[in-house]
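Student: Input query_3.txt, format and content: compact mmCIF, C-alpha atoms and all ligand atoms.
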# COMPACT_ATOMS: atom_id res chain seq x y z
CA MET A 1 -16.65 -16.40 -23.22
CA GLN A 2 -14.37 -13.51 -24.04
CA LEU A 3 -15.56 -11.62 -20.98
CA LEU A 4 -14.82 -14.61 -18.80
CA THR A 5 -11.26 -14.84 -20.14
CA TRP A 6 -10.84 -11.17 -19.47
CA LEU A 7 -12.01 -11.56 -15.90
CA ILE A 8 -9.55 -14.25 -14.94
CA THR A 9 -6.52 -13.03 -16.85
CA MET A 10 -4.43 -9.94 -16.56
CA LEU A 11 -2.40 -8.21 -19.24
CA VAL A 12 1.20 -7.67 -18.19
CA LYS A 13 3.74 -5.54 -20.02
CA LYS A 14 7.48 -5.41 -19.96
CA THR A 15 10.15 -3.43 -21.83
CA LEU A 16 13.24 -5.16 -23.14
CA LYS A 17 16.28 -3.20 -24.21
CA PHE A 18 18.58 -4.13 -27.07
CA LYS A 19 21.48 -2.57 -28.84
CA LEU A 20 21.47 -2.67 -32.63
CA GLU A 21 24.38 -3.84 -34.73
CA GLU A 22 24.96 -3.20 -38.42
CA THR A 23 24.70 -6.10 -40.85
CA LYS A 24 25.31 -6.63 -44.55
CA TYR A 25 21.74 -5.56 -45.17
CA GLY A 26 21.52 -2.62 -42.84
CA LYS A 27 23.86 0.30 -42.17
CA PHE A 28 23.49 3.02 -39.54
CA GLU A 29 23.60 5.70 -42.26
CA CYS A 30 20.15 4.51 -43.22
CA LEU A 31 18.88 4.77 -39.62
CA ASP A 32 20.49 8.21 -39.36
CA LYS A 33 18.39 9.27 -42.33
CA LEU A 34 15.20 7.88 -40.78
CA TYR A 35 16.01 9.45 -37.43
CA THR A 36 16.79 12.94 -38.74
CA GLN A 37 13.86 12.90 -41.14
CA ALA A 38 11.42 11.83 -38.44
CA ASN A 39 12.80 14.41 -36.01
CA ASN A 40 12.55 17.13 -38.69
CA LEU A 41 8.99 16.10 -39.35
CA MET A 42 8.17 16.23 -35.64
CA GLN A 43 9.56 19.75 -35.46
CA LYS A 44 7.35 20.73 -38.38
CA ILE A 45 4.29 19.23 -36.68
CA TRP A 46 5.30 21.06 -33.51
CA TYR A 47 5.17 24.43 -35.36
CA ILE A 48 1.85 23.57 -36.99
CA ILE A 49 0.20 22.72 -33.67
CA LYS A 50 1.81 25.68 -31.91
CA TYR A 51 0.35 28.20 -34.37
CA SER A 52 -2.87 26.49 -35.45
CA LYS A 53 -3.82 25.11 -32.01
CA VAL A 54 -5.29 22.07 -33.74
CA PHE A 55 -4.95 18.91 -31.70
CA SER A 56 -6.92 16.59 -33.93
CA LYS A 57 -4.88 13.77 -35.38
CA THR A 58 -7.36 13.20 -38.23
CA LYS A 59 -7.38 16.87 -39.24
CA ILE A 60 -3.59 17.11 -39.38
CA GLN A 61 -3.47 13.82 -41.25
CA ASN A 62 -6.07 14.99 -43.80
CA TRP A 63 -4.29 18.26 -44.41
CA PHE A 64 -0.65 17.19 -44.61
CA TYR A 65 -0.25 13.43 -44.91
CA ASP A 66 -0.07 13.24 -48.72
CA TYR A 67 2.31 16.18 -48.87
CA TRP A 68 4.63 14.74 -46.23
CA LYS A 69 4.49 11.34 -47.86
CA SER A 70 5.74 12.94 -51.11
CA ILE A 71 8.65 14.88 -49.58
CA TYR A 72 9.81 12.54 -46.76
CA ASP A 73 11.10 9.08 -47.39
CA LEU A 74 9.39 7.64 -44.30
CA PRO A 75 7.10 4.60 -43.84
CA SER A 76 3.44 5.67 -43.49
CA GLN A 77 3.15 4.30 -39.95
CA VAL A 78 6.16 6.34 -38.82
CA ILE A 79 4.54 9.56 -40.13
CA ILE A 80 1.32 8.75 -38.26
CA ASN A 81 3.25 7.92 -35.07
CA CYS A 82 5.15 11.22 -35.32
CA ILE A 83 1.83 13.11 -35.37
CA ASP A 84 0.67 11.07 -32.35
CA LYS A 85 3.83 11.70 -30.42
CA VAL A 86 3.77 15.49 -30.87
CA ILE A 87 0.06 15.72 -30.01
CA GLU A 88 0.80 13.73 -26.85
CA MET A 89 3.64 16.12 -25.99
CA PHE A 90 1.28 19.10 -26.28
CA LYS A 91 -1.50 17.44 -24.32
CA ALA A 92 0.91 16.45 -21.54
CA SER A 93 2.39 19.94 -21.21
CA TYR A 94 -0.95 21.75 -21.48
CA GLU A 95 -1.92 20.26 -18.17
CA GLN A 96 1.10 22.04 -16.72
CA ARG A 97 0.21 25.19 -18.72
CA HIS A 98 3.31 25.60 -20.79
CA LEU A 99 4.43 24.79 -24.31
CA PRO A 100 6.50 21.69 -24.86
CA SER A 101 10.05 22.38 -25.98
CA LYS A 102 10.93 21.85 -29.64
CA PRO A 103 11.41 18.14 -30.29
CA GLU A 104 15.03 17.10 -30.55
CA ASN A 105 16.44 13.61 -30.44
CA ILE A 106 13.00 12.11 -29.83
CA PRO A 107 12.76 8.31 -29.97
CA ILE A 108 10.84 6.97 -32.93
CA ARG A 109 7.83 4.85 -32.21
CA LEU A 110 7.52 1.71 -34.29
CA ILE A 111 4.70 -0.78 -34.56
CA ARG A 112 5.33 -4.43 -35.31
CA LYS A 113 4.37 -5.63 -38.77
CA ARG A 114 3.67 -2.03 -39.83
CA SER A 115 6.99 -0.30 -39.36
CA TYR A 116 9.29 -3.06 -38.10
CA ASN A 117 9.47 -6.78 -37.56
CA ILE A 118 11.54 -9.08 -35.34
CA HIS A 119 12.65 -12.42 -36.78
CA GLU A 120 13.35 -15.75 -35.13
CA ASP A 121 17.10 -15.51 -35.79
CA GLY A 122 17.43 -12.40 -33.59
CA THR A 123 17.44 -9.80 -36.33
CA VAL A 124 15.10 -6.89 -36.79
CA THR A 125 13.94 -5.35 -40.05
CA ILE A 126 13.01 -1.70 -39.92
CA TYR A 127 10.87 -1.07 -42.99
CA GLY A 128 12.72 1.03 -45.51
CA CYS A 129 15.98 0.85 -43.53
CA GLY A 130 17.24 -2.71 -43.80
CA THR A 131 17.96 -5.44 -41.28
CA TYR A 132 19.99 -5.18 -38.04
CA LYS A 133 21.17 -7.58 -35.40
CA LEU A 134 19.76 -7.36 -31.87
CA ILE A 135 22.42 -7.45 -29.14
CA GLY A 136 21.20 -8.52 -25.73
CA ASN A 137 20.17 -11.42 -23.53
CA PRO A 138 19.32 -14.43 -25.79
CA GLU A 139 16.24 -15.19 -23.66
CA HIS A 140 15.03 -11.62 -24.10
CA ILE A 141 15.51 -11.85 -27.87
CA LYS A 142 13.32 -14.96 -27.89
CA LEU A 143 10.65 -13.16 -25.82
CA ALA A 144 10.77 -10.14 -28.13
CA TYR A 145 10.27 -12.47 -31.11
CA LEU A 146 7.32 -14.23 -29.47
CA HIS A 147 5.52 -11.39 -27.69
CA GLY A 148 6.91 -8.12 -29.11
CA ARG A 149 4.37 -5.46 -30.08
CA GLY A 150 5.43 -1.83 -30.11
CA ALA A 151 8.99 -0.55 -29.94
CA GLU A 152 10.97 2.65 -29.74
CA LEU A 153 14.12 3.40 -31.69
CA ILE A 154 16.53 5.46 -29.61
CA LYS A 155 19.77 7.14 -30.65
CA ARG A 156 22.35 7.57 -27.92
CA ASP A 157 26.12 8.13 -28.12
CA LYS A 158 26.08 7.46 -31.86
CA GLY A 159 24.66 3.98 -31.24
CA TYR A 160 21.12 2.78 -31.82
CA TYR A 161 18.94 1.03 -29.27
CA LEU A 162 15.61 -0.69 -29.63
CA HIS A 163 13.25 -0.81 -26.63
CA VAL A 164 10.67 -3.49 -27.32
CA THR A 165 7.44 -3.69 -25.33
CA ILE A 166 6.20 -7.22 -24.87
CA GLU A 167 2.86 -8.19 -23.41
CA LYS A 168 1.03 -11.35 -22.51
CA ASN A 169 -2.01 -12.51 -20.59
CA VAL A 170 -1.40 -14.20 -17.27
CA ASN A 171 -3.85 -15.90 -14.98
CA LEU A 172 -3.42 -14.86 -11.35
CA ASN A 173 -6.75 -16.17 -10.22
CA TYR A 174 -5.69 -19.55 -8.87
CA ILE A 175 -5.72 -20.99 -5.37
CA PRO A 176 -2.11 -21.28 -4.19
CA ARG A 177 -1.28 -24.65 -2.65
CA TYR A 178 2.44 -24.18 -2.19
CA LYS A 179 3.74 -21.13 -0.35
CA ILE A 180 7.15 -19.49 -0.42
CA GLY A 181 8.12 -17.22 2.46
CA LEU A 182 11.05 -14.82 2.49
CA ASP A 183 12.65 -13.48 5.65
CA PHE A 184 15.32 -10.78 5.36
CA GLY A 185 18.20 -11.16 7.79
CA LYS A 186 21.35 -9.13 8.34
CA HIS A 187 23.36 -10.82 5.62
CA GLU A 188 21.04 -13.30 3.98
CA ILE A 189 17.50 -13.95 2.86
CA MET A 190 15.91 -17.09 4.26
CA LEU A 191 13.57 -18.80 1.82
CA SER A 192 11.12 -21.50 2.91
CA ILE A 193 8.72 -23.56 0.84
CA LEU A 194 5.60 -25.12 2.35
CA ASN A 195 3.23 -27.61 0.72
CA GLU A 196 -0.58 -27.68 0.92
CA ARG A 197 -0.44 -29.17 4.44
CA ASN A 198 1.87 -26.34 5.56
CA GLU A 199 4.79 -28.78 5.88
CA LEU A 200 8.29 -27.54 5.14
CA VAL A 201 9.34 -28.97 1.77
CA TRP A 202 12.63 -27.17 1.19
CA TRP A 203 14.54 -24.18 2.43
CA ARG A 204 17.53 -22.19 1.36
CA SER A 205 19.50 -19.20 2.50
CA ILE A 206 20.38 -16.66 -0.19
CA ASP A 207 23.47 -14.53 0.38
CA PHE A 208 22.57 -10.86 0.58
CA SER A 209 25.81 -9.46 2.01
CA LYS A 210 27.27 -8.44 -1.35
CA TRP A 211 25.05 -5.40 -1.24
CA ILE A 212 26.70 -4.07 1.89
CA LYS A 213 30.11 -4.79 0.34
CA ILE A 214 29.21 -2.70 -2.72
CA ARG A 215 28.07 0.19 -0.55
CA LYS A 216 31.15 0.03 1.67
CA HIS A 217 33.49 -0.13 -1.29
CA TYR A 218 32.06 2.94 -2.97
CA ARG A 219 31.95 4.77 0.31
CA GLU A 220 35.71 4.36 0.60
CA VAL A 221 36.21 5.38 -3.01
CA ARG A 222 34.21 8.55 -2.39
CA ARG A 223 36.22 9.33 0.69
CA HIS A 224 39.49 9.18 -1.21
CA LYS A 225 38.37 10.94 -4.34
CA GLN A 226 36.12 13.85 -3.78
CA ARG A 227 34.44 13.44 -7.14
CA LYS A 228 30.94 12.16 -6.70
CA CYS A 229 28.87 11.95 -9.88
CA LYS A 230 30.48 9.28 -12.01
CA ARG A 231 31.19 6.95 -9.13
CA PHE A 232 27.70 7.29 -7.83
CA ARG A 233 26.20 6.26 -11.15
CA LYS A 234 28.43 3.22 -11.31
CA GLU A 235 27.43 2.28 -7.78
CA SER A 236 23.71 2.39 -8.46
CA GLN A 237 24.29 0.32 -11.59
CA GLU A 238 26.05 -2.30 -9.50
CA VAL A 239 23.28 -2.31 -6.90
CA ARG A 240 20.73 -2.72 -9.68
CA ARG A 241 22.63 -5.62 -11.18
CA PHE A 242 22.80 -7.28 -7.78
CA ILE A 243 19.04 -6.85 -7.29
CA GLU A 244 18.47 -8.46 -10.70
CA GLU A 245 20.68 -11.41 -9.68
CA VAL A 246 18.92 -12.07 -6.37
CA THR A 247 15.39 -11.66 -7.73
CA LYS A 248 16.27 -14.06 -10.55
CA VAL A 249 17.29 -16.74 -8.02
CA ILE A 250 13.98 -16.33 -6.16
CA VAL A 251 11.86 -16.32 -9.33
CA ASP A 252 13.64 -19.42 -10.65
CA ILE A 253 12.88 -21.29 -7.40
CA ALA A 254 9.23 -20.18 -7.55
CA LYS A 255 8.99 -21.37 -11.16
CA ASP A 256 10.07 -24.87 -10.10
CA TYR A 257 6.95 -25.09 -7.90
CA GLN A 258 4.60 -23.29 -10.29
CA GLN A 259 2.86 -26.50 -11.35
CA PHE A 260 1.41 -26.80 -7.82
CA GLY A 261 0.09 -23.22 -7.80
CA VAL A 262 2.53 -21.18 -5.74
CA ILE A 263 2.47 -17.82 -3.94
CA VAL A 264 5.47 -15.79 -2.78
CA ARG A 265 5.03 -13.96 0.51
CA VAL A 266 7.27 -11.28 1.97
CA GLU A 267 6.92 -9.00 4.93
CA ASP A 268 5.40 -5.56 4.54
CA LEU A 269 7.91 -3.07 3.07
CA LYS A 270 7.57 -0.43 5.81
CA LYS A 271 7.93 -2.99 8.58
CA LEU A 272 10.95 -4.50 6.86
CA ARG A 273 12.83 -1.19 6.76
CA LYS A 274 12.04 -0.51 10.42
CA ARG A 275 13.15 -3.97 11.47
CA MET A 276 16.40 -3.78 9.53
CA LEU A 277 17.28 -0.50 11.25
CA LYS A 278 16.63 -2.18 14.58
CA LEU A 279 18.84 -5.15 13.63
CA PHE A 280 21.79 -2.85 12.98
CA LYS A 281 21.20 -0.74 16.06
CA LYS A 282 24.65 -1.39 17.50
CA ASP A 283 26.51 -0.51 14.31
CA PRO A 284 25.86 3.09 13.26
CA GLU A 285 27.90 2.84 10.08
CA LEU A 286 26.04 -0.19 8.81
CA ARG A 287 22.82 1.35 10.02
CA TYR A 288 23.39 4.23 7.65
CA LEU A 289 24.11 1.89 4.75
CA VAL A 290 21.02 -0.18 5.48
CA SER A 291 18.81 2.90 5.68
CA THR A 292 19.65 3.56 2.04
CA MET A 293 19.06 0.02 0.83
CA PRO A 294 16.61 0.14 -2.09
CA TYR A 295 14.17 -2.41 -0.71
CA ARG A 296 11.36 -0.75 -2.65
CA LEU A 297 13.16 -1.37 -5.92
CA PHE A 298 13.84 -4.92 -4.82
CA TYR A 299 10.12 -5.57 -4.12
CA LYS A 300 9.11 -3.85 -7.36
CA ARG A 301 11.43 -5.96 -9.49
CA LEU A 302 10.45 -9.13 -7.67
CA GLU A 303 6.74 -8.43 -8.15
CA GLU A 304 7.19 -7.53 -11.83
CA LYS A 305 9.14 -10.68 -12.55
CA LEU A 306 6.76 -12.97 -10.64
CA THR A 307 3.64 -11.41 -12.21
CA TRP A 308 5.19 -11.85 -15.64
CA GLU A 309 5.54 -15.57 -14.91
CA GLY A 310 1.96 -15.70 -13.59
CA ILE A 311 2.94 -16.18 -9.94
CA LYS A 312 1.18 -14.41 -7.09
CA PHE A 313 3.10 -12.05 -4.85
CA GLU A 314 1.87 -10.81 -1.50
CA GLN A 315 3.11 -8.56 1.30
CA VAL A 316 1.99 -9.74 4.73
CA ASN A 317 2.00 -8.26 8.20
CA PRO A 318 5.07 -9.75 9.93
CA LYS A 319 3.77 -9.21 13.47
CA TYR A 320 4.78 -12.09 15.81
CA THR A 321 6.30 -14.08 12.90
CA SER A 322 9.69 -14.22 14.60
CA ARG A 323 8.28 -14.96 18.06
CA VAL A 324 5.79 -17.75 17.44
CA CYS A 325 6.83 -21.39 17.03
CA HIS A 326 5.77 -22.56 13.59
CA ARG A 327 5.12 -26.13 14.80
CA CYS A 328 2.84 -25.65 17.81
CA GLY A 329 1.86 -22.00 17.55
CA ASN A 330 3.07 -20.92 20.99
CA PHE A 331 5.50 -18.16 21.86
CA GLY A 332 9.14 -19.25 21.89
CA ILE A 333 12.46 -17.76 22.89
CA ARG A 334 15.05 -16.40 20.51
CA ASN A 335 18.66 -16.81 21.48
CA GLY A 336 20.99 -15.37 18.87
CA LYS A 337 20.43 -17.32 15.70
CA VAL A 338 18.52 -20.12 17.42
CA PHE A 339 14.82 -20.22 18.16
CA LYS A 340 13.69 -22.49 21.01
CA CYS A 341 10.13 -23.49 21.78
CA PRO A 342 9.57 -24.39 25.46
CA TYR A 343 6.32 -26.21 24.63
CA CYS A 344 7.20 -28.62 21.85
CA ARG A 345 10.98 -28.55 22.41
CA LEU A 346 11.64 -27.39 18.85
CA GLU A 347 15.05 -25.94 18.08
CA ILE A 348 15.38 -24.25 14.74
CA ASP A 349 17.22 -21.45 12.91
CA ALA A 350 15.34 -18.33 13.98
CA ASP A 351 15.22 -16.87 10.47
CA LEU A 352 13.86 -20.10 9.06
CA ASN A 353 11.11 -20.15 11.70
CA ALA A 354 10.14 -16.60 10.71
CA ALA A 355 10.24 -17.46 7.00
CA ILE A 356 7.86 -20.37 7.60
CA ASN A 357 5.43 -18.14 9.50
CA ILE A 358 5.57 -15.56 6.70
CA ALA A 359 4.91 -18.27 4.11
CA LYS A 360 1.81 -19.29 6.06
CA GLY A 361 0.45 -15.75 5.74
CA GLY A 362 2.02 -13.77 8.57
CA TYR A 363 -0.13 -12.19 11.26
CA ASP A 364 -3.39 -12.88 9.40
CA TYR A 365 -2.68 -16.59 9.85
CA LEU A 366 -1.09 -16.44 13.32
CA LYS A 367 -3.89 -14.46 14.95
CA GLN A 368 -6.19 -17.46 14.73
CA LEU A 369 -3.86 -19.51 16.94
CA PRO A 370 -4.94 -20.13 20.57
CA ALA A 371 -1.74 -18.61 22.02
CA LEU A 372 -2.29 -15.30 20.27
CA LYS A 373 -5.98 -15.21 21.09
CA GLY A 374 -4.93 -15.38 24.74
CA GLU A 375 -6.55 -18.75 25.25
CA ALA A 376 -5.03 -21.47 27.38
CA SER A 377 -1.57 -22.62 26.30
CA PRO A 378 -0.21 -26.02 27.23
CA LYS A 379 1.89 -26.21 30.41
CA ILE A 380 5.63 -26.60 30.23
ZN ZN A 401 6.55 -25.22 19.52
How does the structure come out when it is put into structure tokens?
Ligand SMILES: [Zn+2]

Tutor:
Amino acid sequence: MQLLTWLITMLVKKTLKFKLEETKYGKFECLDKLYTQANNLMQKIWYIIKYSKVFSKTKIQNWFYDYWKSIYDLPSQVIINCIDKVIEMFKASYEQRHLPSKPENIPIRLIRKRSYNIHEDGTVTIYGCGTYKLIGNPEHIKLAYLHGRGAELIKRDKGYYLHVTIEKNVNLNYIPRYKIGLDFGKHEIMLSILNERNELVWWRSIDFSKWIKIRKHYREVRRHKQRKCKRFRKESQEVRRFIEEVTKVIVDIAKDYQQFGVIVRVEDLKKLRKRMLKLFKKDPELRYLVSTMPYRLFYKRLEEKLTWEGIKFEQVNPKYTSRVCHRCGNFGIRNGKVFKCPYCRLEIDADLNAAINIAKGGYDYLKQLPALKGEASPKI
């Protein structure tokens, strides 16, 4: 039975980031102590491995654990994790044939219920160091409480951060009945939803122009001020935030149809980039901006979010999707934003027509149609 469950489910992981805040029961001085002690210990382990060339966790543990336990005020699990971490550092750098640098400001690995615990009220207890408040998205705090396993304590700019890894099993082995298709246009994404009979249930256009505005704005800023670094970092942060916004809209729509078994289909990444460059052919400035659009990041975030919710994601071949009429399957004519079919007299938004064809499965679906097989098409 266990094997069967394993076959149809997939383990997905995700890292959530929180800032820590002091409370009555936990002060940063205490974390400072833990952090410096653990980093000192890691440096010690680093010397031991460097000179003894012993990479066995059990050996090091047998030799030194009791001694370290008596001189350091650290939870047992933290000591064990420090040994693990340094051994990993050596193993990773040995493949590149050099010694790892001396550990400094290394995050501390924590394991739930052994070295820390998250509570329902959004606080975290780090064993031996008191209780702190988690600052972050309330939904993420709830997820960390429900699914949190391991975590890393990170010190940056005098503040403390907790990166919690959450995992859960999702079932991606279902037959999708509803299909969502996305078609990227110049300034918007067209989203179509089809039911099991391939009928259009709902559609929506999602504004995507803000991205170009961000790029244009920072381009001007860079022109005026010749300083690059800081501005550039802020720009990529803004692009990232925008990608998070748009993918959230798409995932929320997909979740509404999840009960029917839904799949999200997009066009192949390489083809998308090529097509976008073609779309902006007449505008060299925009063409440059579009060539740097992080579509890969967009797809990656979309796939991660959908998989986490247990929704299938698929890239399809977009060949002919913008040229074939979704209703009768014959070739139509595109005139600006309007798609006209000379056979069934359909007039529809061209992007919507393409989004419907992508939802159906792209070229893999269209190639079965008589018109594409080169068989007889109906007369006009
Ligand atoms: Zn038609």

Student: Env of region 366-369 of chain A: 8 Å cut, atoms = only C-alpha atoms, seq-sep filter 6 positions within chain, self excluded. Answer as a PyMOL selection string.

Tutor: chain A and resi 320-321+329+357

Student: As a quick test: using all atoms listed in the file, which residues lie no more than 9 Å away from ligand ZN 401 (chain A)? Give them as a list in words.

Tutor: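 Counting only what the definition allows, namely all atoms listed in the file, the set is Val324, Cys325, His326, Arg327, Cys328, Gly329, Asn330, Phe331, Gly332, Lys340, Cys341, Pro342, Tyr343, Cys344, Arg345, Leu346 and Glu347 of chain A.
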
Student: Interatomic distance between CA of Lys225 (chain A) and CA of Ser209 (chain A)?

Tutor: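 Between CA of Lys225 (chain A) and CA of Ser209 (chain A) the gap works out to 24.8 Å.
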
Student: Give the answer as one residue: which of A:Lys44, A:Lys234, A:Lys186, A:Arg334 has the shortest atom-to-atom distance to Phe280 (chain A), using all atoms listed in the file?

Tutor: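 The answer is A:Lys186, which sits nearest to Phe280 (chain A).
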
Student: Measuring between only C-alpha atoms, which one of A:Thr15, A:Glu120, A:Ala38, A:Arg97 shows the shortest distance to Ile83 (chain A)?

Tutor: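 Closest candidate: A:Ala38.
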
Student: Counting only C-alpha atoms, what are the residues of region 104-198 of chain A within 12 Å of region 27-30 of chain A, and for each of them which pair of atoms is the nearest and at what distance in Å, to one decimal? Sort the table by chain and rising number, as a tab-separated table.

Tutor:
residue	atom	partner	partner_atom	distance
A:Thr125	CA	A:Lys27	CA	11.6
A:Ile126	CA	A:Cys30	CA	10.0
A:Tyr127	CA	A:Cys30	CA	10.8
A:Gly128	CA	A:Cys30	CA	8.5
A:Cys129	CA	A:Cys30	CA	5.6
A:Gly130	CA	A:Lys27	CA	7.5
A:Thr131	CA	A:Lys27	CA	8.3
A:Tyr132	CA	A:Lys27	CA	7.9
A:Lys133	CA	A:Lys27	CA	10.7
A:Lys155	CA	A:Phe28	CA	10.5
A:Lys158	CA	A:Phe28	CA	9.2
A:Gly159	CA	A:Phe28	CA	8.4
A:Tyr160	CA	A:Phe28	CA	8.1
A:Tyr161	CA	A:Phe28	CA	11.4

Student: Kindly indicate which residue among A:Met89, A:Ala151, A:Val12, A:Tyr25 lies nearest to Lys113 (chain A), using only C-alpha atoms for the distances.

Tutor: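 Nearest to Lys113 (chain A): A:Ala151.
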
Student: Provide an axis-aligned box for all listed atoms of region 207-220 of chain A, padding each side by 4 Å; report its centre and its edge lengths in Å to one decimal, as JSON.

Tutor:
{"center_x": 29.1, "center_y": -4.9, "center_z": -0.5, "size_x": 21.1, "size_y": 27.3, "size_z": 13.0}

Student: Hey, which of A:Ile87, A:Ala254, A:Ile214, A:Val78 ends up closest to Gln237 (chain A)? Count all atoms listed in the file.

Tutor: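 Going through A:Ile87, A:Ala254, A:Ile214, A:Val78 one by one, the smallest distance to Gln237 (chain A) is for A:Ile214.
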
Student: One number please: CA of Glu22 (chain A) to CA of Lys142 (chain A), in Å, one decimal.

Tutor: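 CA of Lys142 (chain A) lies 19.6 Å from CA of Glu22 (chain A).
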
Student: Just checking: using all atoms listed in the file, which residue out of A:Phe242, A:Phe184, A:Ser236, A:Glu304 ends up closest to Ala354 (chain A)?

Tutor: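 Of A:Phe242, A:Phe184, A:Ser236, A:Glu304, the one nearest Ala354 (chain A) is A:Phe184, counting all atoms listed in the file.
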
Student: Could you work out how far CA of Tyr51 (chain A) lies from CA of Trp63 (chain A), giving the answer in Å with one decimal?

Tutor: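 CA of Tyr51 (chain A) lies at a distance of 14.9 Å from CA of Trp63 (chain A).
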
Student: May I ask which of the residues A:Ser70, A:Ser115, A:Thr307, A:Asn105 is the closest one to Val262 (chain A), counting all atoms listed in the file?

Tutor: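 That would be A:Thr307, the residue with the smallest distance to Val262 (chain A).
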
Student: Which polymer residues have any atom within 12 Å of an atom of Glu285 (chain A), counting only C-alpha atoms, with same-chain residues fewer than 6 positions away left out, as a list in words?

Tutor: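 Contacts, with the query itself left out: Ile212, Arg215, Lys216, Arg219, Leu277, Ser291 and Thr292 of chain A.
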
Student: Dig up all the protein and nucleic acid residues within 9 Å of (14.8, 9.5, -43.8) in the file frame, using all atoms listed in the file, and format them as a ChimeraX atom specification.

Tutor: /A:30-38,72-74,128-129
